[in-house]
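Participant: Next comes the structure file start_13.txt, holding compact mmCIF, C-alpha atoms.
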# COMPACT_ATOMS: atom_id res chain seq x y z
CA MET A 1 0.00 0.00 0.00
CA SER A 2 1.24 3.45 -0.85
CA THR A 3 0.05 6.76 0.50
CA ALA A 4 0.65 10.31 -0.57
CA ALA A 5 1.83 12.82 2.00
CA PRO A 6 -0.93 14.64 3.89
CA ARG A 7 -1.13 18.39 3.63
CA THR A 8 0.12 20.62 6.39
CA ALA A 9 -0.93 24.11 7.44
CA GLY A 10 0.07 26.69 9.98
CA PRO A 11 -0.77 26.08 13.66
CA ASP A 12 -3.48 28.74 13.60
CA HIS A 13 -5.25 27.37 10.53
CA LEU A 14 -8.82 26.26 11.21
CA TRP A 15 -9.55 23.38 8.86
CA SER A 16 -13.00 22.92 7.43
CA VAL A 17 -14.63 19.50 7.52
CA ASP A 18 -14.33 19.25 3.75
CA GLU A 19 -10.64 20.23 3.74
CA HIS A 20 -9.78 17.57 6.31
CA LEU A 21 -11.79 14.89 4.51
CA ASP A 22 -10.32 15.79 1.12
CA ASP A 23 -6.82 15.56 2.60
CA ILE A 24 -7.54 12.08 3.97
CA LEU A 25 -9.08 10.76 0.75
CA SER A 26 -6.33 12.23 -1.44
CA THR A 27 -3.72 10.59 0.78
CA VAL A 28 -5.13 7.09 1.31
CA ARG A 29 -4.74 4.67 -1.61
CA PRO A 30 -6.68 1.45 -2.31
CA LEU A 31 -4.94 -1.74 -1.23
CA GLU A 32 -3.18 -3.82 -3.87
CA PRO A 33 -5.29 -6.65 -5.38
CA ILE A 34 -4.68 -10.27 -4.38
CA GLU A 35 -6.10 -13.66 -5.38
CA LEU A 36 -8.27 -15.20 -2.66
CA HIS A 37 -10.31 -18.37 -2.23
CA LEU A 38 -14.03 -17.70 -2.33
CA LEU A 39 -14.83 -17.74 1.38
CA ASP A 40 -11.77 -15.64 2.15
CA ALA A 41 -12.99 -13.10 -0.42
CA GLN A 42 -16.31 -12.45 1.31
CA GLY A 43 -16.73 -8.73 1.91
CA CYS A 44 -13.97 -7.86 -0.56
CA VAL A 45 -14.27 -5.83 -3.77
CA LEU A 46 -13.74 -7.39 -7.20
CA VAL A 47 -11.06 -5.74 -9.30
CA GLU A 48 -12.03 -7.36 -12.62
CA ASP A 49 -15.12 -8.52 -14.46
CA VAL A 50 -15.98 -12.21 -14.11
CA THR A 51 -17.19 -13.99 -17.26
CA VAL A 52 -19.31 -17.13 -17.17
CA PRO A 53 -17.29 -20.10 -18.51
CA VAL A 54 -20.22 -22.56 -18.49
CA SER A 55 -23.95 -21.97 -18.79
CA LEU A 56 -26.22 -22.27 -15.76
CA PRO A 57 -27.83 -24.67 -15.63
CA PRO A 58 -25.37 -26.57 -17.84
CA PHE A 59 -28.12 -28.92 -19.09
CA ASP A 60 -31.92 -29.11 -19.24
CA ASN A 61 -33.12 -30.47 -15.90
CA SER A 62 -36.30 -31.06 -13.98
CA SER A 63 -37.59 -28.58 -11.42
CA MET A 64 -39.97 -31.15 -9.94
CA ASP A 65 -40.15 -34.77 -8.83
CA GLY A 66 -42.34 -36.44 -11.44
CA TYR A 67 -42.25 -38.11 -14.82
CA ALA A 68 -40.40 -37.13 -17.99
CA VAL A 69 -42.70 -37.67 -20.93
CA ARG A 70 -43.42 -36.72 -24.54
CA VAL A 71 -46.00 -33.94 -25.01
CA ALA A 72 -48.14 -35.92 -27.46
CA ASP A 73 -48.50 -38.79 -25.00
CA VAL A 74 -50.23 -36.68 -22.35
CA ALA A 75 -52.25 -34.36 -24.60
CA GLY A 76 -55.87 -34.47 -23.48
CA ALA A 77 -55.10 -36.40 -20.28
CA SER A 78 -57.64 -35.87 -17.47
CA GLU A 79 -58.89 -37.45 -14.23
CA GLU A 80 -61.63 -39.21 -16.17
CA TYR A 81 -59.41 -40.23 -19.09
CA PRO A 82 -55.81 -40.53 -17.83
CA ALA A 83 -52.92 -41.27 -20.14
CA ALA A 84 -51.41 -44.67 -19.33
CA LEU A 85 -47.65 -44.79 -19.97
CA GLU A 86 -44.96 -47.43 -19.56
CA VAL A 87 -42.37 -46.51 -16.92
CA VAL A 88 -38.96 -47.39 -18.35
CA GLY A 89 -36.73 -46.41 -15.43
CA ASP A 90 -35.44 -43.69 -13.10
CA VAL A 91 -33.42 -40.55 -13.78
CA ALA A 92 -31.67 -39.17 -10.68
CA ALA A 93 -29.68 -35.98 -10.12
CA GLY A 94 -26.06 -36.52 -11.10
CA GLN A 95 -26.86 -39.43 -13.36
CA ALA A 96 -24.71 -39.62 -16.49
CA ASP A 97 -26.13 -42.59 -18.38
CA LEU A 98 -29.63 -41.57 -19.41
CA ILE A 99 -32.41 -43.79 -20.63
CA HIS A 100 -34.37 -42.89 -23.78
CA VAL A 101 -38.04 -42.02 -23.52
CA GLY A 102 -39.95 -43.20 -26.57
CA PRO A 103 -43.61 -42.93 -27.60
CA GLY A 104 -45.95 -44.14 -24.87
CA GLN A 105 -43.16 -44.18 -22.30
CA ALA A 106 -42.24 -42.21 -19.17
CA ALA A 107 -39.25 -42.04 -16.87
CA ARG A 108 -39.43 -41.23 -13.19
CA ILE A 109 -37.34 -38.09 -12.75
CA MET A 110 -36.05 -36.35 -9.66
CA THR A 111 -35.58 -32.62 -9.07
CA GLY A 112 -32.31 -31.49 -10.66
CA ALA A 113 -31.96 -34.59 -12.82
CA PRO A 114 -31.16 -34.17 -16.54
CA LEU A 115 -34.10 -34.35 -18.93
CA PRO A 116 -33.60 -37.70 -20.70
CA PRO A 117 -33.41 -37.98 -24.51
CA GLY A 118 -36.83 -38.17 -26.14
CA ALA A 119 -38.64 -36.48 -23.26
CA GLU A 120 -40.07 -33.01 -23.88
CA THR A 121 -41.74 -32.09 -20.61
CA VAL A 122 -42.18 -33.11 -16.98
CA VAL A 123 -45.45 -33.86 -15.21
CA PRO A 124 -45.26 -33.52 -11.40
CA VAL A 125 -45.90 -36.73 -9.47
CA GLU A 126 -49.01 -35.08 -7.98
CA TRP A 127 -50.54 -35.09 -11.49
CA THR A 128 -50.22 -38.88 -11.63
CA ASP A 129 -51.16 -41.97 -9.65
CA GLY A 130 -47.47 -42.50 -8.87
CA GLY A 131 -47.66 -45.90 -10.55
CA LEU A 132 -49.86 -47.21 -7.75
CA GLY A 133 -53.07 -47.48 -9.74
CA GLY A 134 -55.10 -45.27 -7.40
CA GLY A 135 -55.91 -41.56 -7.16
CA PRO A 136 -53.46 -38.64 -7.34
CA ALA A 137 -50.14 -39.40 -5.63
CA THR A 138 -48.66 -37.14 -2.96
CA GLY A 139 -45.04 -38.09 -3.54
CA MET A 140 -42.57 -40.75 -4.58
CA ARG A 141 -41.37 -43.57 -2.38
CA ALA A 142 -37.64 -44.05 -2.17
CA ARG A 143 -36.34 -46.44 -4.79
CA SER A 144 -34.64 -48.53 -2.11
CA LEU A 145 -38.03 -49.09 -0.49
CA ALA A 146 -40.00 -49.61 -3.69
CA PRO A 147 -37.75 -50.64 -6.59
CA GLU A 148 -40.80 -51.72 -8.54
CA GLY A 149 -41.79 -48.04 -8.80
CA ALA A 150 -39.21 -47.54 -11.57
CA ALA A 151 -41.09 -49.92 -13.85
CA GLY A 152 -44.65 -50.83 -14.68
CA GLN A 153 -47.29 -48.29 -15.63
CA VAL A 154 -48.19 -44.74 -14.55
CA ARG A 155 -51.43 -42.90 -15.17
CA VAL A 156 -51.13 -39.18 -15.93
CA HIS A 157 -54.19 -37.07 -15.07
CA ARG A 158 -53.22 -33.72 -16.64
CA ALA A 159 -51.64 -32.55 -19.88
CA ALA A 160 -48.35 -30.61 -19.88
CA PRO A 161 -46.98 -28.31 -22.60
CA ALA A 162 -43.45 -28.60 -23.94
CA GLY A 163 -40.80 -27.50 -21.42
CA ALA A 164 -43.12 -27.50 -18.43
CA HIS A 165 -41.23 -27.85 -15.13
CA VAL A 166 -37.96 -27.94 -17.05
CA ARG A 167 -35.07 -25.59 -16.23
CA THR A 168 -33.51 -25.09 -19.64
CA ARG A 169 -29.79 -24.90 -20.28
CA GLY A 170 -28.52 -21.33 -19.84
CA SER A 171 -31.81 -20.02 -18.43
CA ASP A 172 -29.89 -18.50 -15.49
CA VAL A 173 -26.74 -17.30 -17.25
CA LYS A 174 -25.14 -18.30 -20.53
CA ALA A 175 -21.49 -19.05 -21.25
CA GLY A 176 -19.78 -15.79 -22.17
CA ASP A 177 -22.16 -13.62 -20.12
CA ARG A 178 -20.72 -11.22 -17.57
CA ALA A 179 -21.46 -12.73 -14.17
CA LEU A 180 -20.11 -9.93 -11.96
CA THR A 181 -18.55 -6.55 -12.70
CA ALA A 182 -15.44 -5.01 -11.20
CA GLY A 183 -16.29 -3.02 -8.09
CA THR A 184 -18.83 -5.54 -6.80
CA VAL A 185 -18.69 -6.27 -3.08
CA LEU A 186 -18.77 -10.04 -2.63
CA GLY A 187 -21.61 -11.11 -0.35
CA PRO A 188 -23.19 -14.58 0.02
CA PRO A 189 -25.21 -14.39 -3.26
CA GLN A 190 -22.12 -13.36 -5.24
CA ILE A 191 -20.02 -16.09 -3.61
CA SER A 192 -22.76 -18.56 -4.55
CA LEU A 193 -22.69 -17.45 -8.20
CA LEU A 194 -18.91 -17.68 -8.39
CA ALA A 195 -19.00 -21.22 -6.99
CA ALA A 196 -21.83 -22.18 -9.36
CA ILE A 197 -19.82 -21.18 -12.42
CA GLY A 198 -16.77 -23.07 -11.15
CA ARG A 199 -14.57 -20.26 -9.84
CA GLY A 200 -12.48 -21.41 -6.89
CA THR A 201 -10.55 -18.14 -6.48
CA VAL A 202 -11.15 -14.53 -7.40
CA ARG A 203 -9.04 -11.39 -7.68
CA VAL A 204 -10.05 -8.74 -5.16
CA ARG A 205 -8.79 -5.92 -3.00
CA PRO A 206 -8.53 -7.39 0.51
CA ARG A 207 -10.51 -6.08 3.43
CA PRO A 208 -8.31 -3.51 5.18
CA ARG A 209 -6.90 -4.37 8.59
CA VAL A 210 -7.77 -1.61 11.04
CA VAL A 211 -6.23 -1.38 14.51
CA VAL A 212 -8.22 0.63 17.06
CA LEU A 213 -6.79 1.76 20.39
CA SER A 214 -7.99 4.21 23.00
CA THR A 215 -5.88 6.15 25.48
CA GLY A 216 -6.48 7.25 29.04
CA SER A 217 -5.38 6.08 32.49
CA GLU A 218 -9.01 6.41 33.60
CA LEU A 219 -10.24 3.71 31.21
CA VAL A 220 -11.22 0.27 32.52
CA GLN A 221 -12.08 -2.87 30.57
CA PRO A 222 -15.85 -3.61 30.65
CA GLY A 223 -16.57 -6.33 33.17
CA GLU A 224 -13.96 -5.11 35.63
CA GLU A 225 -14.67 -3.20 38.84
CA LEU A 226 -14.72 0.58 38.60
CA ARG A 227 -12.68 2.54 41.10
CA PRO A 228 -13.14 6.23 41.92
CA GLY A 229 -12.30 8.42 38.93
CA GLN A 230 -12.50 5.56 36.41
CA ILE A 231 -14.86 4.93 33.49
CA TYR A 232 -15.36 2.00 31.16
CA ASP A 233 -13.61 2.06 27.80
CA SER A 234 -16.44 2.31 25.27
CA ASN A 235 -14.64 4.06 22.41
CA SER A 236 -12.45 1.16 21.36
CA PHE A 237 -15.46 -1.18 21.27
CA ALA A 238 -17.63 1.30 19.36
CA LEU A 239 -14.99 2.07 16.75
CA THR A 240 -13.90 -1.54 16.30
CA ALA A 241 -17.52 -2.48 15.68
CA ALA A 242 -17.92 0.51 13.34
CA ALA A 243 -14.80 -0.48 11.38
CA ARG A 244 -16.15 -4.01 10.94
CA ASP A 245 -19.49 -2.58 9.86
CA ALA A 246 -17.65 -0.52 7.25
CA GLY A 247 -16.09 -3.70 5.82
CA ALA A 248 -12.73 -3.88 7.59
CA LEU A 249 -11.00 -6.59 9.57
CA ALA A 250 -10.74 -4.66 12.81
CA TYR A 251 -8.59 -5.38 15.86
CA ARG A 252 -9.19 -3.77 19.22
CA VAL A 253 -6.25 -2.98 21.49
CA GLY A 254 -6.80 -2.53 25.21
CA ALA A 255 -6.71 1.03 26.54
CA VAL A 256 -3.23 2.52 26.85
CA THR A 257 -2.33 4.59 29.90
CA ASP A 258 -1.34 8.24 29.70
CA ASP A 259 2.31 7.56 28.99
CA ALA A 260 3.84 8.71 25.69
CA ALA A 261 6.58 6.06 25.60
CA THR A 262 4.10 3.24 26.25
CA LEU A 263 1.80 4.56 23.53
CA ARG A 264 4.63 4.81 20.99
CA ASP A 265 5.72 1.24 21.78
CA THR A 266 2.15 -0.04 21.47
CA ILE A 267 1.62 1.64 18.11
CA GLU A 268 4.92 0.32 16.76
CA ASP A 269 3.98 -3.21 17.90
CA GLN A 270 0.61 -2.98 16.13
CA LEU A 271 1.90 -1.68 12.80
CA VAL A 272 2.66 -5.21 11.60
CA ARG A 273 -1.07 -5.98 11.32
CA ALA A 274 -2.41 -2.58 10.31
CA ASP A 275 -3.40 -1.04 6.99
CA LEU A 276 -4.94 1.80 8.99
CA MET A 277 -4.60 2.84 12.63
CA VAL A 278 -7.21 4.71 14.66
CA THR A 279 -6.61 6.21 18.09
CA THR A 280 -9.07 7.96 20.38
CA GLY A 281 -8.28 10.47 23.08
CA GLY A 282 -5.26 12.61 23.82
CA VAL A 283 -5.44 15.01 20.85
CA SER A 284 -6.57 18.22 22.57
CA VAL A 285 -4.53 20.76 24.49
CA GLY A 286 -4.52 19.21 27.98
CA ALA A 287 -1.41 18.37 29.99
CA TYR A 288 -2.11 14.62 29.59
CA ASP A 289 -2.96 14.51 25.90
CA VAL A 290 -0.40 11.79 25.22
CA VAL A 291 -1.34 10.97 21.62
CA LYS A 292 -0.28 14.42 20.58
CA GLU A 293 2.87 14.16 22.69
CA ALA A 294 3.75 10.67 21.47
CA LEU A 295 3.09 11.21 17.77
CA SER A 296 4.07 14.81 17.16
CA SER A 297 7.70 13.77 16.77
CA VAL A 298 7.39 10.39 15.04
CA ALA A 299 8.33 11.65 11.57
CA ASP A 300 11.10 9.46 10.19
CA GLU A 301 13.92 11.50 8.66
CA ASP A 302 14.59 8.62 6.29
CA GLU A 303 10.91 8.44 5.30
CA PRO A 304 9.83 11.79 3.78
CA GLY A 305 6.14 12.53 4.28
CA SER A 306 5.72 10.50 7.47
CA GLY A 307 4.40 12.04 10.66
CA ILE A 308 1.09 13.13 12.19
CA ASP A 309 -0.41 16.59 11.75
CA PHE A 310 -2.68 17.70 14.59
CA ARG A 311 -5.43 20.09 13.56
CA ARG A 312 -8.39 22.14 14.71
CA LEU A 313 -11.53 21.67 12.63
CA ALA A 314 -14.48 24.02 12.29
CA MET A 315 -16.92 21.38 13.52
CA GLN A 316 -18.78 20.32 16.62
CA PRO A 317 -18.31 17.79 18.05
CA GLY A 318 -14.80 16.76 17.00
CA LYS A 319 -12.78 19.96 16.80
CA PRO A 320 -9.36 18.37 17.58
CA GLN A 321 -8.18 15.84 14.98
CA GLY A 322 -4.94 14.25 13.90
CA PHE A 323 -3.99 12.68 10.59
CA GLY A 324 -0.85 11.43 8.91
CA SER A 325 1.21 8.30 8.37
CA ILE A 326 3.53 6.31 10.55
CA GLY A 327 6.13 3.57 10.15
CA PRO A 328 8.20 2.33 7.21
CA ASP A 329 5.09 1.50 5.14
CA HIS A 330 3.52 4.94 5.72
CA THR A 331 0.52 3.38 7.44
CA PRO A 332 -2.27 5.99 7.66
CA LEU A 333 -3.24 7.01 11.19
CA LEU A 334 -6.29 8.98 12.24
CA ALA A 335 -6.23 10.38 15.77
CA LEU A 336 -9.75 11.11 17.01
CA PRO A 337 -10.92 12.99 20.11
CA GLY A 338 -11.77 11.01 23.23
CA ASN A 339 -15.32 12.07 24.02
CA PRO A 340 -17.55 9.17 22.89
CA VAL A 341 -19.84 11.16 20.60
CA SER A 342 -16.96 13.20 19.17
CA SER A 343 -15.11 9.98 18.50
CA TYR A 344 -18.03 8.27 16.79
CA VAL A 345 -19.04 11.27 14.68
CA SER A 346 -15.40 11.66 13.61
CA PHE A 347 -15.30 8.00 12.63
CA GLU A 348 -18.40 8.31 10.44
CA LEU A 349 -17.15 11.45 8.71
CA PHE A 350 -13.47 10.57 8.25
CA VAL A 351 -12.50 6.99 9.15
CA ARG A 352 -15.32 5.17 7.39
CA PRO A 353 -14.58 6.88 4.05
CA ALA A 354 -10.88 6.03 4.50
CA ILE A 355 -11.72 2.35 5.07
CA ARG A 356 -13.99 2.26 2.03
CA THR A 357 -11.26 3.92 -0.04
CA LEU A 358 -8.75 1.27 1.04
CA MET A 359 -11.27 -1.36 -0.10
CA GLY A 360 -11.34 0.18 -3.57
CA LEU A 361 -14.95 1.38 -3.45
CA THR A 362 -16.00 4.49 -5.32
CA ASP A 363 -18.99 5.36 -3.12
CA VAL A 364 -17.33 5.75 0.27
CA HIS A 365 -19.79 7.98 2.15
CA ARG A 366 -22.91 7.32 4.15
CA PRO A 367 -26.08 8.26 2.23
CA ARG A 368 -27.48 11.74 2.84
CA THR A 369 -30.95 13.12 2.37
CA SER A 370 -33.05 16.17 3.17
CA ALA A 371 -35.45 15.98 6.10
CA THR A 372 -37.90 18.29 7.86
CA LEU A 373 -36.79 19.17 11.36
CA THR A 374 -39.29 18.18 14.03
CA ALA A 375 -38.46 19.83 17.34
CA ASP A 376 -40.01 21.82 20.21
CA ARG A 377 -37.58 24.71 19.80
CA PRO A 378 -34.87 25.92 17.42
CA LEU A 379 -31.56 24.08 17.34
CA THR A 380 -28.72 26.46 18.13
CA SER A 381 -25.25 26.09 16.67
CA PRO A 382 -21.99 27.99 17.17
CA LYS A 383 -21.22 30.40 14.37
CA GLY A 384 -18.51 29.26 11.99
CA ARG A 385 -18.75 25.57 12.91
CA ARG A 386 -20.53 22.75 11.14
CA GLN A 387 -22.50 20.95 13.82
CA PHE A 388 -23.55 17.31 13.74
CA LEU A 389 -26.41 16.50 16.11
CA ARG A 390 -27.82 13.07 16.78
CA GLY A 391 -31.29 12.50 15.35
CA ARG A 392 -33.98 9.96 14.64
CA TYR A 393 -35.00 9.91 10.97
CA ALA A 394 -38.27 8.46 9.67
CA ASP A 395 -40.62 9.21 6.78
CA GLY A 396 -38.84 12.37 5.65
CA ALA A 397 -38.63 13.95 9.11
CA VAL A 398 -35.83 14.04 11.68
CA THR A 399 -36.13 14.59 15.43
CA PRO A 400 -33.17 15.50 17.68
CA VAL A 401 -32.13 12.83 20.18
CA GLY A 402 -30.47 14.07 23.37
CA GLY A 403 -28.50 17.28 23.69
CA ALA A 404 -25.36 18.58 22.06
CA GLY A 405 -23.00 17.21 24.72
CA SER A 406 -20.20 15.05 23.33
CA HIS A 407 -20.46 12.57 26.21
CA LEU A 408 -24.12 11.51 25.72
CA VAL A 409 -23.65 7.89 24.68
CA ALA A 410 -27.24 6.84 25.46
CA ALA A 411 -28.59 9.42 23.00
CA LEU A 412 -26.18 8.18 20.35
CA ALA A 413 -27.49 4.63 20.80
CA ARG A 414 -31.02 5.83 19.95
CA ALA A 415 -29.98 7.83 16.89
CA ASN A 416 -30.02 6.60 13.30
CA ALA A 417 -28.93 9.86 11.67
CA LEU A 418 -26.79 12.94 12.10
CA ILE A 419 -28.46 16.33 11.67
CA VAL A 420 -26.12 18.66 9.79
CA VAL A 421 -26.20 22.33 10.76
CA PRO A 422 -24.08 24.39 8.32
CA GLU A 423 -21.35 26.78 9.44
CA ASP A 424 -23.36 29.89 8.56
CA VAL A 425 -26.49 28.83 10.49
CA GLU A 426 -26.77 29.74 14.17
CA ALA A 427 -30.35 28.57 14.68
CA LEU A 428 -32.31 25.89 12.84
CA GLU A 429 -36.04 26.46 13.16
CA PRO A 430 -38.58 23.61 13.49
CA GLY A 431 -40.13 22.82 10.12
CA THR A 432 -36.93 23.73 8.28
CA ALA A 433 -35.54 21.35 5.67
CA THR A 434 -32.07 20.22 6.69
CA GLU A 435 -29.47 17.73 5.54
CA VAL A 436 -29.11 14.47 7.46
CA VAL A 437 -26.49 11.72 7.31
CA LEU A 438 -28.17 8.30 7.50
CA LEU A 439 -26.28 5.97 9.81
CA GLY A 440 -28.30 2.79 9.50
Give the structure from the file, written as C-alpha cells.

Facilitator:
Amino acid sequence: MSTAAPRTAGPDHLWSVDEHLDDILSTVRPLEPIELHLLDAQGCVLVEDVTVPVSLPPFDNSSMDGYAVRVADVAGASEEYPAALEVVGDVAAGQADLIHVGPGQAARIMTGAPLPPGAETVVPVEWTDGGLGGGPATGMRARSLAPEGAAGQVRVHRAAPAGAHVRTRGSDVKAGDRALTAGTVLGPPQISLLAAIGRGTVRVRPRPRVVVLSTGSELVQPGEELRPGQIYDSNSFALTAAARDAGALAYRVGAVTDDAATLRDTIEDQLVRADLMVTTGGVSVGAYDVVKEALSSVADEDEPGSGIDFRRLAMQPGKPQGFGSIGPDHTPLLALPGNPVSSYVSFELFVRPAIRTLMGLTDVHRPRTSATLTADRPLTSPKGRRQFLRGRYADGAVTPVGGAGSHLVAALARANALIVVPEDVEALEPGTATEVVLLG
C-alpha cells in the first residue's frame, strides 16, 4: 500500500470538515489486489469482471419430482381419461447414463436430474397416480423401499406443454455472459454465483486491517470493577464495531495509559497488522494529551512525508483531529478525540470513508438526504462551525435525540442519523428542511 503525504498548514489554521476529509481521501490509496479463495474473499471488492465459462444450468433439468414424458403422449389427459404410460426407469440428479423415452413411455425423474433424450416435458408426481393405480399421488417412495416403482405403468391425469417444469440450459446465465462486474462487493449471493460457475478463487482488494486503540489512564475494561475516577472504555469497542461494519478486519487494542513512551511502543507493535490505525483520546490541548505528545515527533527522517499533523476543525463535536502516516510503510493514522460522541461522529465522517477507499470502493460515504426538522424549539449552533447532532429519521422527518454534549452515549445509541447544521447557520427552526447523514 502506498500513500501520498498529507497536507500541512500553519498552527493557527482552522480546517473545514471538507478540507480535512479531502486531505484524507487524497492521501489514502486502495490496497493492492490479491487472489483469494471464495470464502476468504467475502466482503472484498472485485477488481475485474468475471465472465461465465459454463452456462447455468449446464443442461436441461427437472424442477420437480415427477415423470419425464413426450408432449403428445399426455395431450388431453384428465382425471376421467388418464394417459397410461410405460415406466422405463429412473433418472436421478447426477446421473450420467440416461435412458431414452420413446412414444408411450415415461421415466421417473427427480428434481435437478437431466431431462432424458426423447422427453419433452415433466409432469409432477401429484398429477399422476405415482404408478400405484389409485388416485393422485402425494409423492414418490424411495427407490430402495419400492424398486418396482421404476417400472410398470403410470397414469397421468393432466396434460403438460413442452418445457413444463424444465429448467432449460442457460436459463440462469449463458457461457460468455458477464457474471459480476469489477467493483462488486462479494456477499453470500455473489459467492454462490462464483462457486456455481466453477470459480475457486477470485481477484479482489482485501478487506483492510484496522487497529483501534484508545488512550487514558481512567479507562477500565468492561466487566472489571470501577474505582473512583475511572470509566469503562467504550470508544475502542464502538470504533472496532464501526470499522467491521464498514467492511474492515478490525482489531481492538486494550486502553493505553497516559504515557507517551508506552503509547509509541504499542503503536509500533501494532503496525505489523495494520493497513490503517485509529486512536481515540489525547489530541486536545490538555497536559495529559499523550497521543499528541507521542506522535508529534514520530516523523522518520529517512521516510519523507511520514508524521502526524494535529489540527483544529471548524466542527462540533470533534474539533481536535490528527492525521498522517507512521512507520516504514507509511501506514495511515487517524487520531480522534476522546469524548464518545466526538469519537463516533469523527469516525463516520473521516475513518469510514478512508476504510472504504482502502477497499477500492467508489462510493465511500454514508447516504445523505433532506429531512424536515421536528423539534419543540430551534436548534442552536456555534457560528462558523458545522455541527452534527444526533437524530432519529423516519418518513422524511428528523427529530433530535439528546442534547449537544459530546459525552451523551445513550442518545447516540437511539440515533439513526446525524443532523447537519451548516457553518453559517446559528439557529435551525422547526419545520426547516435540513441535511441528514443516514447511519443505519

Participant: Around the point (-39.0, -32.7, -23.2) in the file's coordinates, collect all residues with an atom within 8 Å, using only C-alpha atoms, and return them as a list in words.

Facilitator: Ala68, Val69, Arg70, Val71, Leu115, Pro116, Pro117, Gly118, Ala119, Glu120, Thr121, Val122, Ala162, Gly163 and Val166 of chain A

Participant: So that I have them on file, write out the residues from the current selection with C-alpha atoms, as a PDB file, in the frame of the given file.

Facilitator:
ATOM      1  CA  ALA A  68     -40.400 -37.130 -17.990  1.00  0.00           C
ATOM      2  CA  VAL A  69     -42.700 -37.670 -20.930  1.00  0.00           C
ATOM      3  CA  ARG A  70     -43.420 -36.720 -24.540  1.00  0.00           C
ATOM      4  CA  VAL A  71     -46.000 -33.940 -25.010  1.00  0.00           C
ATOM      5  CA  LEU A 115     -34.100 -34.350 -18.930  1.00  0.00           C
ATOM      6  CA  PRO A 116     -33.600 -37.700 -20.700  1.00  0.00           C
ATOM      7  CA  PRO A 117     -33.410 -37.980 -24.510  1.00  0.00           C
ATOM      8  CA  GLY A 118     -36.830 -38.170 -26.140  1.00  0.00           C
ATOM      9  CA  ALA A 119     -38.640 -36.480 -23.260  1.00  0.00           C
ATOM     10  CA  GLU A 120     -40.070 -33.010 -23.880  1.00  0.00           C
ATOM     11  CA  THR A 121     -41.740 -32.090 -20.610  1.00  0.00           C
ATOM     12  CA  VAL A 122     -42.180 -33.110 -16.980  1.00  0.00           C
ATOM     13  CA  ALA A 162     -43.450 -28.600 -23.940  1.00  0.00           C
ATOM     14  CA  GLY A 163     -40.800 -27.500 -21.420  1.00  0.00           C
ATOM     15  CA  VAL A 166     -37.960 -27.940 -17.050  1.00  0.00           C
TER      16      VAL A 166
END

Participant: Could you build a table of the residues in segment 308-391 of chain A lying no more than 12 Å from segment 431-437 of chain A, giving for each the nearest pair of atoms and their separation in Å rounded to one decimal place, using all atoms listed in the file, ordered by chain and ascending residue number, as CSV?

Facilitator:
residue,atom,partner,partner_atom,distance
A:Val345,CA,A:Val437,CA,10.5
A:Glu348,CA,A:Val437,CA,9.3
A:Leu349,CA,A:Val437,CA,9.4
A:His365,CA,A:Val437,CA,9.2
A:Arg366,CA,A:Val437,CA,6.5
A:Pro367,CA,A:Val437,CA,6.2
A:Arg368,CA,A:Val437,CA,4.6
A:Thr369,CA,A:Val436,CA,5.6
A:Ser370,CA,A:Glu435,CA,4.6
A:Ala371,CA,A:Ala433,CA,5.4
A:Thr372,CA,A:Ala433,CA,4.4
A:Leu373,CA,A:Gly431,CA,5.1
A:Thr374,CA,A:Gly431,CA,6.1
A:Ala375,CA,A:Gly431,CA,8.0
A:Asp376,CA,A:Gly431,CA,10.1
A:Arg377,CA,A:Gly431,CA,10.2
A:Pro378,CA,A:Gly431,CA,9.5
A:Leu379,CA,A:Thr432,CA,10.5
A:Arg386,CA,A:Glu435,CA,11.7
A:Gln387,CA,A:Val436,CA,11.2
A:Phe388,CA,A:Val436,CA,8.9
A:Leu389,CA,A:Val436,CA,9.3
A:Arg390,CA,A:Val436,CA,9.5
A:Gly391,CA,A:Val436,CA,8.4

Participant: Using only C-alpha atoms, find the one residue out of A:Ala335, A:Val401, A:Ala294, A:Val123 that sits nearest to Val154 of chain A.

Facilitator: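 Result for the nearest residue to Val154 of chain A: A:Val123.
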
Participant: I'd like to know which of A:Ile109, A:Val278, A:Ala354, A:Ala182 is closest to Leu31 of chain A, using all atoms listed in the file.

Facilitator: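 Comparing A:Ile109, A:Val278, A:Ala354, A:Ala182 against Leu31 of chain A, the winner is A:Ala354.
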
Participant: Which is closest to Pro136 of chain A among A:Gly440, A:Gly152, A:Gly94, A:Pro82, if we use all atoms listed in the file?

Facilitator: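 Of A:Gly440, A:Gly152, A:Gly94, A:Pro82, the one nearest Pro136 of chain A is A:Pro82, counting all atoms listed in the file.
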
Participant: Quote the spacing between atom CA of Arg209 of chain A and atom CA of Tyr251 of chain A in Å to one decimal place.

Facilitator: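 Computed distance, atom CA of Arg209 of chain A to atom CA of Tyr251 of chain A, equals 7.5 Å.
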
Participant: May I ask which of the residues A:Gln95, A:Leu263, A:Pro189, A:Leu271 is the closest one to Pro328 of chain A, counting all atoms listed in the file?

Facilitator: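 Closest residue, counting all atoms listed in the file: A:Leu271.
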
Participant: Any idea what's packed within 7 Å of Gly130 of chain A, counting all atoms listed in the file, ignoring anything in its chain fewer than 2 positions away? Could you give it as a ChimeraX atom specification?

Facilitator: /A:125,128,132,137,140,154

Participant: Would you mind telling me which residue in A:Val253, A:Leu46, A:Met315, A:Ile99 lies nearest to His20 of chain A when using only C-alpha atoms?

Facilitator: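 For His20 of chain A, the nearest of the candidates is A:Met315.
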
Participant: Could you please determine the separation between atom CA of Pro353 of chain A and atom CA of Thr380 of chain A in Å, to one decimal place?

Facilitator: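 Atom CA of Thr380 of chain A lies 28.0 Å from atom CA of Pro353 of chain A.
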
Participant: For each of A:Asp49, A:Asp18, A:Asp12, A:Asp259, take the minimum atom-to-atom distance to Gly176 of chain A, counting only C-alpha atoms, then give the residue where this is smallest.

Facilitator: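 Selected residue with least distance to Gly176 of chain A: A:Asp49.
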